[in-house]
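> Would you mind keeping the following structure in view while I ask a few things?
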Amino acid sequence: MKSLDITLEIFRYKSGEQPHYDTFTVQVDDTAHVIDAIDKVWAEHDHTLMFRRACHHSSCGSCALRINGVEKLPCITRFSDVGDGKIPLRIEPLRNFPIVGDLVVDVSGFFQRMSASDMSITRDAESTLPLSVDDLSTIVQPKVVELPDNLTHFNRFENCIECGICMSACPTMAVDNKFFGPAGLAAIYCALQKTDDPDEKAHLMALANGEQGVWRCHSAFECTEACPQAVDPAGKIMALRRELTANRLKKAGRS
Amino acid sequence: MSTPHVIVIGAGSTGSATAHDLALRGLRVTVVDRGEVASGTTGRNHCLLHSGGRYCMNDQESAIECIEENMTLRKIMPDLLELNDGLFVAITEEDLTFKERFLEACAACHIPARDIPVKHALEMEPFLNPKTLAAVQIPDGVFEPFRFCLAFLATARLHGAVVRRYELVTEIISSGKSVSGVKIRDYRTGKIETLGADLVINAAGPWAEDVAAMAGVKVPVQPTPGVMVTLDCRLNNMVLNRLNKPSDGDIVVPQRATCTIGTTSWKVKDPDLITIPPEHIEKMIDQGEQLMPIVRKIPMRARMAVARPLIVKDASDERNVSRTFECFDHSYDGVEGFVTISGGKTTTSRAMAERVTDIVCKKLGIEAECRTREVRLASYRLFFQGGQQ
């Protein structure tokens, strides 16, 4: 393990002041993640630096920001992923959110959108272990396994951690703040999979079809590209469009 | 008389659950945190909803508290838990010598435990060490610390509590021998504001010593970090624990598409400055490999460390009202209106909150029953709505 000198140019904004960038250099080890460097800037240089963080392992979604212009979770981003350690890394808040201060954005509008579908963050799972990493393809995917005594199903948190990265990466959001956004629409899709109630289904489809819904998406697929959790919001938006179109054709056929 | 106002310093699991209890009992509550909710010890948590299995052999009181709270949390936050149970597995002959004791200890603590056939365990957990000699199923679960706190705080806000984030308590103000409020600095504006209070609760975790010092009292905290390693792949359906004495790297907690091996323990001076010792990361992989041999082949997704707030205990300390966590009424130190609560586990934070709220209500002359066992929490998403960012 060797130590790296990391220089960060961090976006700063305090109420009533001009936004600007402050430059800090900190030492971290070469297995560190970008959050560790931001944490060190805060701990060693400036306790007034505002940033969001909680879990440091991509489960809470709170630390999302932009590194050299690209949306990332700094808790799982290594320096080797974004530069060679010599180039100053530019650290900026997410786009398309109001800024509260420094790297902290106001996520209230986003969570309002996430609430609209009322998607529960847990779901029943088939049972198998998701082996998503490519170089693990040699491992035989376990077959459907017998459930433990006393359990009727396995249970998982939804993959979406509500980090807001897709909202920041979405070019439609940038010009159209009425848009529901990728995460909210993906949540509608997931909520639809979990319900058999026709009224609930109709409500969710109406949301997807509504003024803020799937038809505003320009199919840029930036959300799917940026998502750290492989949620594939764009794929889900397209699936909702297909379903809405199919429903429309069915209705037209009946009339 | 107007409704008493209580300020809670710290929006981790202890502060959040306490704010919820106080608000339900009708008090006016303000929670102040220098950062985001759960940005300290609670956030970087192993996410284990304890069944009590880890404690039943050496600390019955903690184990009983864990299983009771485990069952309560299933009722009040059912949507916020991954509930797949856990296994305690024996890999070596030495591990196996603990099995009968473990089953007896679980029974004594009312932890539902089943000794299941190894063949069945290996079917359910295909990556489990094939040398496994025994497996006992217990009701472990998984939560998410950030949303855990948000749910308590969202519910507290519905009952009138105010949560102020990115605001640092810079001073504790006293009038005579009694704490009467705090000064806080808003990191958004740099402005200093004074907030009056009838009582202040110090729920600052490993930073509790600094907060206590502002009130002129001593709470000797020993910040004791632990390292956790998160792998880039979920390898287990259930929580996997090593059947043996508690030790470093004796658990792999799955969550979503990852799993996290933990943990270690060492001492630091400043909880803000923690450098992860590389050998601790290696140790996690070594130990994790014993539970699931494939561990070493899986890329690391993240690694983290945060300080637990261990309080240097003196058995004769009459200020300490609990043995499973620390709650100090500082009137014993000559300072009225100031209480410190620390230690414990996120799993048991509701119970801690109940105990500290009982004490606070008694001090403020309020008679109100605790209802946090029954009241189902509001959606964590509501925390961010209604005017607070």
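Following the order of the structure tokens, chains are lettered A, B, ..., residues in each are numbered from 1, and ligands are numbered from 1.
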Could you pull the residues within 7 Å of Phe102 in chain B, counting only C-alpha atoms, minus those fewer than 4 positions along the same chain, as a ChimeraX atom specification?

/B:57,98,106

> Return as a JSON list (two decimals) with N, CA and C atoms, in the first residue's frame the residues belonging to chain A that are within 6 Å of chain B, counting only C-alpha atoms.


[["chain", "number", "residue", "atom", "x", "y", "z"],
["A", 14, "LYS", "N", -22.07, 29.33, 0.05],
["A", 14, "LYS", "CA", -22.81, 29.60, 1.28],
["A", 14, "LYS", "C", -23.83, 30.68, 0.98],
["A", 15, "SER", "N", -24.96, 30.59, 1.63],
["A", 15, "SER", "CA", -26.05, 31.54, 1.40],
["A", 15, "SER", "C", -25.52, 32.98, 1.43],
["A", 43, "ALA", "N", -12.14, 16.92, 7.87],
["A", 43, "ALA", "CA", -11.57, 16.66, 9.20],
["A", 43, "ALA", "C", -10.30, 17.48, 9.45],
["A", 48, "THR", "N", -16.33, 23.51, 8.05],
["A", 48, "THR", "CA", -17.55, 24.16, 7.53],
["A", 48, "THR", "C", -17.97, 23.57, 6.18],
["A", 52, "ARG", "N", -22.92, 15.40, 2.13],
["A", 52, "ARG", "CA", -23.81, 14.38, 2.68],
["A", 52, "ARG", "C", -23.09, 13.03, 2.66],
["A", 53, "ARG", "N", -23.29, 12.27, 3.70],
["A", 53, "ARG", "CA", -22.76, 10.92, 3.74],
["A", 53, "ARG", "C", -23.41, 10.19, 4.91],
["A", 54, "ALA", "N", -23.49, 8.88, 4.80],
["A", 54, "ALA", "CA", -23.90, 8.08, 5.95],
["A", 54, "ALA", "C", -23.21, 6.73, 5.92],
["A", 55, "CYS", "N", -23.49, 5.90, 4.90],
["A", 55, "CYS", "CA", -23.10, 4.49, 5.04],
["A", 55, "CYS", "C", -21.70, 4.16, 4.54],
["A", 57, "HIS", "N", -20.90, 2.71, 1.96],
["A", 57, "HIS", "CA", -20.80, 1.50, 1.15],
["A", 57, "HIS", "C", -21.97, 1.33, 0.18],
["A", 60, "CYS", "N", -26.91, 3.82, 1.36],
["A", 60, "CYS", "CA", -27.83, 4.91, 1.74],
["A", 60, "CYS", "C", -28.14, 5.85, 0.59],
["A", 76, "ILE", "N", -17.81, 4.56, -3.40],
["A", 76, "ILE", "CA", -17.34, 3.36, -4.12],
["A", 76, "ILE", "C", -16.49, 3.73, -5.33],
["A", 101, "GLY", "N", -26.02, 24.17, 0.29],
["A", 101, "GLY", "CA", -24.72, 24.74, 0.66],
["A", 101, "GLY", "C", -23.63, 23.78, 0.25],
["A", 106, "ASP", "N", -30.80, 20.04, -2.12],
["A", 106, "ASP", "CA", -32.12, 19.85, -1.52],
["A", 106, "ASP", "C", -32.82, 18.71, -2.26],
["A", 108, "SER", "N", -35.70, 17.35, -1.39],
["A", 108, "SER", "CA", -37.11, 17.20, -1.00],
["A", 108, "SER", "C", -38.02, 16.96, -2.22],
["A", 111, "PHE", "N", -37.64, 13.35, -3.33],
["A", 111, "PHE", "CA", -38.32, 12.37, -2.47],
["A", 111, "PHE", "C", -39.84, 12.46, -2.60],
["A", 145, "VAL", "N", -33.18, -22.14, -4.58],
["A", 145, "VAL", "CA", -32.85, -22.92, -3.39],
["A", 145, "VAL", "C", -34.05, -23.07, -2.48],
["A", 146, "GLU", "N", -33.98, -24.08, -1.68],
["A", 146, "GLU", "CA", -35.06, -24.33, -0.74],
["A", 146, "GLU", "C", -35.07, -23.21, 0.30],
["A", 154, "PHE", "N", -37.82, -15.19, 0.28],
["A", 154, "PHE", "CA", -36.68, -14.32, 0.59],
["A", 154, "PHE", "C", -37.12, -12.89, 0.35],
["A", 155, "ASN", "N", -36.41, -11.99, 0.98],
["A", 155, "ASN", "CA", -36.84, -10.61, 1.00],
["A", 155, "ASN", "C", -35.61, -9.74, 0.70],
["A", 156, "ARG", "N", -35.78, -8.76, -0.18],
["A", 156, "ARG", "CA", -34.64, -7.91, -0.58],
["A", 156, "ARG", "C", -35.04, -6.44, -0.57],
["A", 157, "PHE", "N", -34.07, -5.58, -0.28],
["A", 157, "PHE", "CA", -34.29, -4.16, -0.56],
["A", 157, "PHE", "C", -34.26, -3.96, -2.06]]

> Could you pull the residues within 6 Å of range 157-161 of chain B, counting only C-alpha atoms, minus those fewer than 5 positions along the same chain, as a list in words?

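In the requested form, the answer reads Ala23, Val29 and Thr30 of chain B.
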
> Could the residues in this selection be written to a file with N, CA and C atoms, as a compact mmCIF listing (two decimals), in the first residue's frame?


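Here's the written file out19.txt:
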# COMPACT_ATOMS: atom_id res chain seq x y z
N ALA B 23 -41.46 13.39 21.20
CA ALA B 23 -42.53 14.06 20.46
C ALA B 23 -43.86 13.35 20.68
N VAL B 29 -39.68 19.33 20.65
CA VAL B 29 -38.36 18.73 20.43
C VAL B 29 -37.64 19.42 19.28
N THR B 30 -36.36 19.69 19.47
CA THR B 30 -35.50 20.13 18.36
C THR B 30 -34.28 19.21 18.34

> Could you go through range 10-253 of chain A and tell me which residues DSSP, when run on the backbone, assigns to helix (DSSP H, G or I), listing them as a VMD selection string?

chain A and resid 34 to 45 79 to 82 108 to 116 134 to 136 165 to 169 171 to 175 182 to 194 198 to 209 214 to 216 222 to 226 233 to 253

> Could you please write out, as a ChimeraX atom specification, every residue of range 128-266 of chain B that DSSP assigns to strand (DSSP E or B)?

/B:134-138,141-143,162-164,167-175,178-186,192-196,199-202,221-231,239-242,251-255,258-262

> Name the closest residue to Gln112 in chain A among the candidates A:Gly184, A:Ile67, A:Ile91, A:Asp124; distances are taken between atoms, counting only C-alpha atoms.

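Of the candidates, the smallest distance to Gln112 in chain A is held by A:Gly184.
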
> List as JSON, numbers by chain the protein and nucleic acid residues near range 350-353 of chain B, meaning an atom at most 10 Å away when only C-alpha atoms are counted, but skip any in the same chain fewer than 4 places from it.

{"B": [13, 14, 15, 16, 17, 18, 19, 20, 21, 22, 65, 66, 68, 69, 72, 73, 152, 322, 324, 325, 326, 327, 341, 342, 343, 344, 345, 346, 357, 358, 359, 370, 372, 373]}

> Next, write the just-selected residues to a file, as a short mmCIF file (atom, residue, chain, number, x, y, z; two decimals), in the first residue's frame, keeping N, CA and C atoms as the atom set.


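Wrote it out as part_4.cif, contents follow:
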data_model
loop_
_atom_site.label_atom_id
_atom_site.label_comp_id
_atom_site.auth_asym_id
_atom_site.auth_seq_id
_atom_site.Cartn_x
_atom_site.Cartn_y
_atom_site.Cartn_z
N SER B 13 -28.98 7.03 15.43
CA SER B 13 -30.14 6.22 15.81
C SER B 13 -30.64 6.58 17.21
N THR B 14 -29.73 6.87 18.14
CA THR B 14 -30.15 7.20 19.50
C THR B 14 -30.93 8.51 19.52
N GLY B 15 -30.37 9.54 18.90
CA GLY B 15 -31.04 10.85 18.88
C GLY B 15 -32.37 10.79 18.14
N SER B 16 -32.40 10.05 17.04
CA SER B 16 -33.62 9.99 16.22
C SER B 16 -34.75 9.28 16.97
N ALA B 17 -34.41 8.12 17.57
CA ALA B 17 -35.44 7.37 18.30
C ALA B 17 -35.90 8.15 19.53
N THR B 18 -34.97 8.88 20.15
CA THR B 18 -35.32 9.67 21.34
C THR B 18 -36.24 10.83 20.96
N ALA B 19 -35.94 11.49 19.84
CA ALA B 19 -36.79 12.60 19.39
C ALA B 19 -38.21 12.11 19.14
N HIS B 20 -38.31 10.92 18.55
CA HIS B 20 -39.62 10.32 18.25
C HIS B 20 -40.40 10.07 19.54
N ASP B 21 -39.73 9.49 20.53
CA ASP B 21 -40.41 9.18 21.79
C ASP B 21 -40.85 10.47 22.51
N LEU B 22 -39.94 11.44 22.56
CA LEU B 22 -40.27 12.72 23.22
C LEU B 22 -41.47 13.39 22.54
N GLU B 65 -32.67 -8.02 25.31
CA GLU B 65 -33.06 -6.71 24.77
C GLU B 65 -33.08 -6.75 23.24
N CYS B 66 -32.08 -7.40 22.64
CA CYS B 66 -32.01 -7.49 21.18
C CYS B 66 -33.22 -8.22 20.59
N GLU B 68 -36.14 -8.76 21.88
CA GLU B 68 -37.39 -7.99 22.08
C GLU B 68 -37.48 -6.84 21.08
N GLU B 69 -36.39 -6.12 20.92
CA GLU B 69 -36.41 -4.98 20.00
C GLU B 69 -36.52 -5.44 18.54
N THR B 72 -40.05 -5.92 17.98
CA THR B 72 -40.77 -4.64 17.98
C THR B 72 -40.54 -3.89 16.66
N LEU B 73 -39.27 -3.87 16.20
CA LEU B 73 -38.98 -3.15 14.95
C LEU B 73 -39.71 -3.78 13.77
N PHE B 152 -37.74 7.36 12.01
CA PHE B 152 -38.01 7.90 13.35
C PHE B 152 -38.18 9.42 13.30
N SER B 322 -28.11 2.23 33.37
CA SER B 322 -28.37 1.02 32.60
C SER B 322 -27.09 0.24 32.41
N THR B 324 -26.96 -2.05 29.68
CA THR B 324 -26.81 -2.40 28.26
C THR B 324 -26.46 -1.19 27.40
N PHE B 325 -26.56 0.00 27.97
CA PHE B 325 -26.08 1.20 27.30
C PHE B 325 -25.79 2.21 28.41
N GLU B 326 -25.35 3.41 28.04
CA GLU B 326 -25.00 4.37 29.07
C GLU B 326 -25.94 5.57 29.05
N CYS B 327 -26.53 5.86 30.17
CA CYS B 327 -27.39 7.03 30.28
C CYS B 327 -27.03 7.75 31.57
N ILE B 341 -26.75 10.22 26.66
CA ILE B 341 -27.08 8.82 26.36
C ILE B 341 -26.12 8.33 25.29
N SER B 342 -25.54 7.16 25.54
CA SER B 342 -24.53 6.68 24.60
C SER B 342 -24.43 5.16 24.67
N GLY B 343 -23.62 4.62 23.77
CA GLY B 343 -23.43 3.17 23.73
C GLY B 343 -24.64 2.49 23.12
N GLY B 344 -24.84 1.24 23.43
CA GLY B 344 -25.97 0.49 22.88
C GLY B 344 -25.77 0.15 21.42
N LYS B 345 -26.86 -0.29 20.81
CA LYS B 345 -26.80 -0.73 19.42
C LYS B 345 -27.96 -0.10 18.67
N THR B 346 -27.83 0.04 17.37
CA THR B 346 -28.95 0.59 16.60
C THR B 346 -30.19 -0.28 16.79
N THR B 357 -36.22 8.81 27.74
CA THR B 357 -37.41 9.66 27.75
C THR B 357 -38.16 9.53 29.07
N ASP B 358 -38.17 8.31 29.65
CA ASP B 358 -38.76 8.14 30.99
C ASP B 358 -38.07 9.08 31.99
N ILE B 359 -36.73 9.09 31.93
CA ILE B 359 -35.96 9.92 32.86
C ILE B 359 -36.25 11.41 32.63
N CYS B 370 -45.03 5.70 27.36
CA CYS B 370 -44.29 5.46 26.12
C CYS B 370 -45.18 4.70 25.15
N THR B 372 -43.94 4.06 21.82
CA THR B 372 -43.12 3.75 20.63
C THR B 372 -43.10 2.26 20.29
N ARG B 373 -43.57 1.41 21.19
CA ARG B 373 -43.65 -0.02 20.88
C ARG B 373 -44.75 -0.31 19.88
#

> Contacts of Cys109 in chain B at 9 Å or less, counting only C-alpha atoms, minus same-chain residues fewer than 4 places along, as a list of chain:residue names?

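In the requested format, the answer is B:Gly52, B:Cys56, B:Gln60, B:Glu61, B:Ala63, B:Ile64, B:Ile67, B:Glu104, B:Ala105.
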
> Take the residues that were just selected and, keeping C-alpha atoms, output them as a CSV table (one decimal), in the first residue's frame.


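Everything below was put into part33.csv:
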chain,number,residue,atom,x,y,z
B,52,GLY,CA,-29.4,-11.5,20.2
B,56,CYS,CA,-26.7,-14.9,24.3
B,60,GLN,CA,-27.9,-12.4,28.5
B,61,GLU,CA,-29.4,-9.0,29.3
B,63,ALA,CA,-29.4,-10.7,24.1
B,64,ILE,CA,-32.9,-10.4,25.6
B,67,ILE,CA,-34.6,-10.1,20.5
B,104,GLU,CA,-29.4,-23.5,25.5
B,105,ALA,CA,-28.4,-19.8,25.7

> As JSON, numbers by chain, please: the residues near Thr245 in chain A (cut-off 12 Å, only C-alpha atoms, same-chain neighbours under 4 positions excluded).

{"A": [205, 208, 209, 214, 215, 238, 239, 240, 241, 249, 250, 251, 252]}

> The selected residues should be written to file as a tab-separated table (two decimals), in the first residue's frame (atoms: N, CA and C atoms).


chain	number	residue	atom	x	y	z
A	205	MET	N	-50.40	3.53	-13.68
A	205	MET	CA	-50.31	3.72	-15.14
A	205	MET	C	-50.68	5.17	-15.50
A	208	ALA	N	-47.69	7.32	-14.83
A	208	ALA	CA	-46.66	7.14	-15.87
A	208	ALA	C	-47.07	7.84	-17.16
A	209	ASN	N	-48.38	7.85	-17.42
A	209	ASN	CA	-48.91	8.40	-18.67
A	209	ASN	C	-49.14	9.91	-18.56
A	214	VAL	N	-43.75	9.39	-18.67
A	214	VAL	CA	-42.74	8.76	-19.54
A	214	VAL	C	-42.59	9.42	-20.91
A	215	TRP	N	-43.62	10.15	-21.36
A	215	TRP	CA	-43.53	10.71	-22.72
A	215	TRP	C	-42.61	11.91	-22.78
A	238	MET	N	-38.96	2.74	-20.94
A	238	MET	CA	-39.36	2.18	-22.24
A	238	MET	C	-40.40	1.07	-22.06
A	239	ALA	N	-40.25	0.27	-21.01
A	239	ALA	CA	-41.22	-0.80	-20.74
A	239	ALA	C	-42.59	-0.21	-20.42
A	240	LEU	N	-42.60	0.90	-19.66
A	240	LEU	CA	-43.88	1.56	-19.34
A	240	LEU	C	-44.51	2.10	-20.62
A	241	ARG	N	-43.69	2.67	-21.50
A	241	ARG	CA	-44.23	3.19	-22.77
A	241	ARG	C	-44.86	2.07	-23.58
A	249	LEU	N	-53.81	0.48	-27.71
A	249	LEU	CA	-54.21	-0.30	-28.88
A	249	LEU	C	-55.36	-1.24	-28.54
A	250	LYS	N	-55.28	-1.82	-27.33
A	250	LYS	CA	-56.34	-2.73	-26.90
A	250	LYS	C	-57.67	-1.99	-26.83
A	251	LYS	N	-57.61	-0.78	-26.23
A	251	LYS	CA	-58.83	0.04	-26.11
A	251	LYS	C	-59.36	0.40	-27.49
A	252	ALA	N	-58.46	0.81	-28.38
A	252	ALA	CA	-58.87	1.21	-29.74
A	252	ALA	C	-59.53	0.03	-30.44

> Kindly indicate which residue among A:His56, A:Gly109, A:Thr7, A:Met119 lies nearest to Thr195 in chain A, using only C-alpha atoms for the distances.

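Smallest separation from Thr195 in chain A among the options: A:Met119.
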
> Quick one: residues within 7 Å of range 225-227 of chain B, only C-alpha atoms counted, chain neighbours fewer than 3 positions away excluded, as a PyMOL selection string?

chain B and resi 262-267+280-281+304-308

> Quick one, how far is CA of Asp118 in chain A from CA of Pro74 in chain A?

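Interatomic distance here is 28.0 Å.
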
> To one decimal in Å, tell me the separation between CA of Phe88 in chain B and CA of Asp250 in chain B.

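Taking CA of Phe88 in chain B and CA of Asp250 in chain B, their separation equals 9.8 Å.
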
> Just to confirm, what's the straight-line distance from CA of Ser62 in chain B to CA of Phe328 in chain B in Å (one decimal)?

18.7 Å
